[in-house]
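So the structure is just underneath, and the comments pick up after that.
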Amino acid sequence: MKTPVRVAVTGAAGQIGYSLLFRIASGEMLGKDQPVILQLLELPMEKAQAALKGVMMELEDCAFPLLAGMVGTDDAEVAFKDADVALLVGARPRGPGMERKDLLLENAKIFTAQGAALNKVASRDVKVLVVGNPANTNAYIAMKSAPDLPAKNFTAMLRLDHNRALSQLANKAGVAVGDIEKLVVWGNHSPTMYPDYRFATVKGESLKDKINDAEWNANTFIPQVGKRGAAIIEARGLSSAASAANAAIDHIRDWVLGTGDKWVTMGVPSDGSYGIPEGVIYGVPVTCANGEYTRIEGLPVDDFSRAAMDKTLAELEEERSGVAHLLG
Ligand code: NAD
Ligand code: LMR
């Protein structure tokens with residue numbers, strides 16, 4: 001039997017938490033032979049703690065053989081103690097008519113406190129995925145608040161955008177979603193993100209050649225992927241939850257267990273490549289092996305792509321200056 005992995009999840013009694021925890025405990029994230037200990041954080045309010053207790057009762061009632069332990073708490077230092085993986089989900093979601101960056105000041109404080117708690121008590125190898133919006137800037141805040149942890153441990157979730165783009169492309173080209181490789185989503189998890197299928201292939205053949213429709217790319221595909229979150233809110237009255245949880249599982253599974261040569265999109269601190277200033281948490285294509293991600297380097301950037309990549313960068317820089325006062 002393997003040693004259990006400690007997985008911390010914040011906002012554990014929320015919508016995404018409810019779609020996430022049962023799949024982690026059943027082995028879908030870290031493997032069907034990997035026991036896990038769930039360390040669950042919720043707000044101290046009675047209602048949140050009662051809801052968390054209910055979720056933990058349900059987890060218990062599933063009798064998952066891989067669930068080696070559970071902790072429910074309102075104290076970040078308890079939730080993050082020795083955590084190997086930390087899924088930072090807990091934050092306010094946006095409602096109809098809002099942009100994710102409207103949540104910035106309200107949610108930013110959560111990530112300074114949680115970054116500091118991770119810094120103090122988490123495993124030095126902790127893999128952090130920020131889901132709470134605005135995800136890239138919250139990941140930046142958490143990273144800056146955890147100076148003793150390697151910056152590369154902090155990532156933001158662009159995988160939902162990656163998955164959304166894959167489905168749109170598969171529909172357009174009439175191909176199986178699982179046959180599409182080498183898709184990229186550059187930048188911020190916001191409407192400025194740039195889903196880019198210039199390098200994508202289907203069974204080794206160029207997907208761009210199959211679609212060959214610049215008008216559809218610029219005026220349908222890119223805005224549809226960028227505004228999909230708002231379309232879900234409009235339709236459901238609530239923001240995406242099951243698809244967000246699914247993307248979080250994909251992100252961590254690939255990071256921990258590896259991707260082979262398959263490209264996936266992760267929001268990671270920039271190393272300065274592609275003209276993105278160092279440290280900005282920006283969606284880039286990566287492959288993963290041995291618990292580490294490696295950027296796909298050297299992709300050509302044409303004029304259309306440069307403009308799109310710079311636009312999403314400008315938004316990230318604006319968000320970053322909006323929270324600079326919180327980071328000292
Ligand atoms: P929700 O309101 O259903 O749940 C959030 C939970 O977090 C609540 O139970 C709340 O009590 C808890 N919480 C709030 N502040 C907390 C804190 N400081 N510590 C611990 N727990 C805290 O919301 P949700 O639908 O689960 O969404 C959560 C976040 O994820 C939102 O910010 C949402 O916008 C974001 N989101 C991101 C993506 C993405 O692709 N990055 C996708 C979907 C949703
Ligand atoms: C999404 O993309 O579905 C989430 O970020 C939720 C939102 O606010 O759009």
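Here, A, B, ... name the chains of the structure tokens in the order displayed, residue numbers run from 1 inside each chain, and ligands are numbered from 1 in the same displayed order.
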
Closest atom pairs, region 257-319 of chain A residues within 6 Å of region 140-162 of chain A, only C-alpha atoms, as JSON lines:
```
{"residue": "A:Thr265", "atom": "CA", "partner": "A:Arg159", "partner_atom": "CA", "distance": 5.9}
{"residue": "A:Met266", "atom": "CA", "partner": "A:Leu158", "partner_atom": "CA", "distance": 5.6}
{"residue": "A:Gly267", "atom": "CA", "partner": "A:Ala156", "partner_atom": "CA", "distance": 4.5}
{"residue": "A:Val268", "atom": "CA", "partner": "A:Thr155", "partner_atom": "CA", "distance": 4.9}
```

Residues within 7 Å of ligand 2, counting only C-alpha atoms and all ligand atoms, as a ChimeraX atom specification: /A:93-94,100,133,160,189,228-230,232-233,239-240,244

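Closest to Gly54 (chain A) among A:Ala12, A:Leu88, A:Ile249, A:Leu20 is A:Ala12, based on only C-alpha atoms.
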
Quick one: pick out all helix (DSSP H, G or I) residues within region 126-303 of chain A from a backbone DSSP run and write them as a count of residues only. 78

Can you pull out every residue with an atom within 6 Å of ligand 1? Use only C-alpha atoms and all ligand atoms and format it as number ranges by chain. A: 10-11, 13-17, 41-43, 48, 89-94, 110, 131-133, 135, 157, 160, 239-241, 244
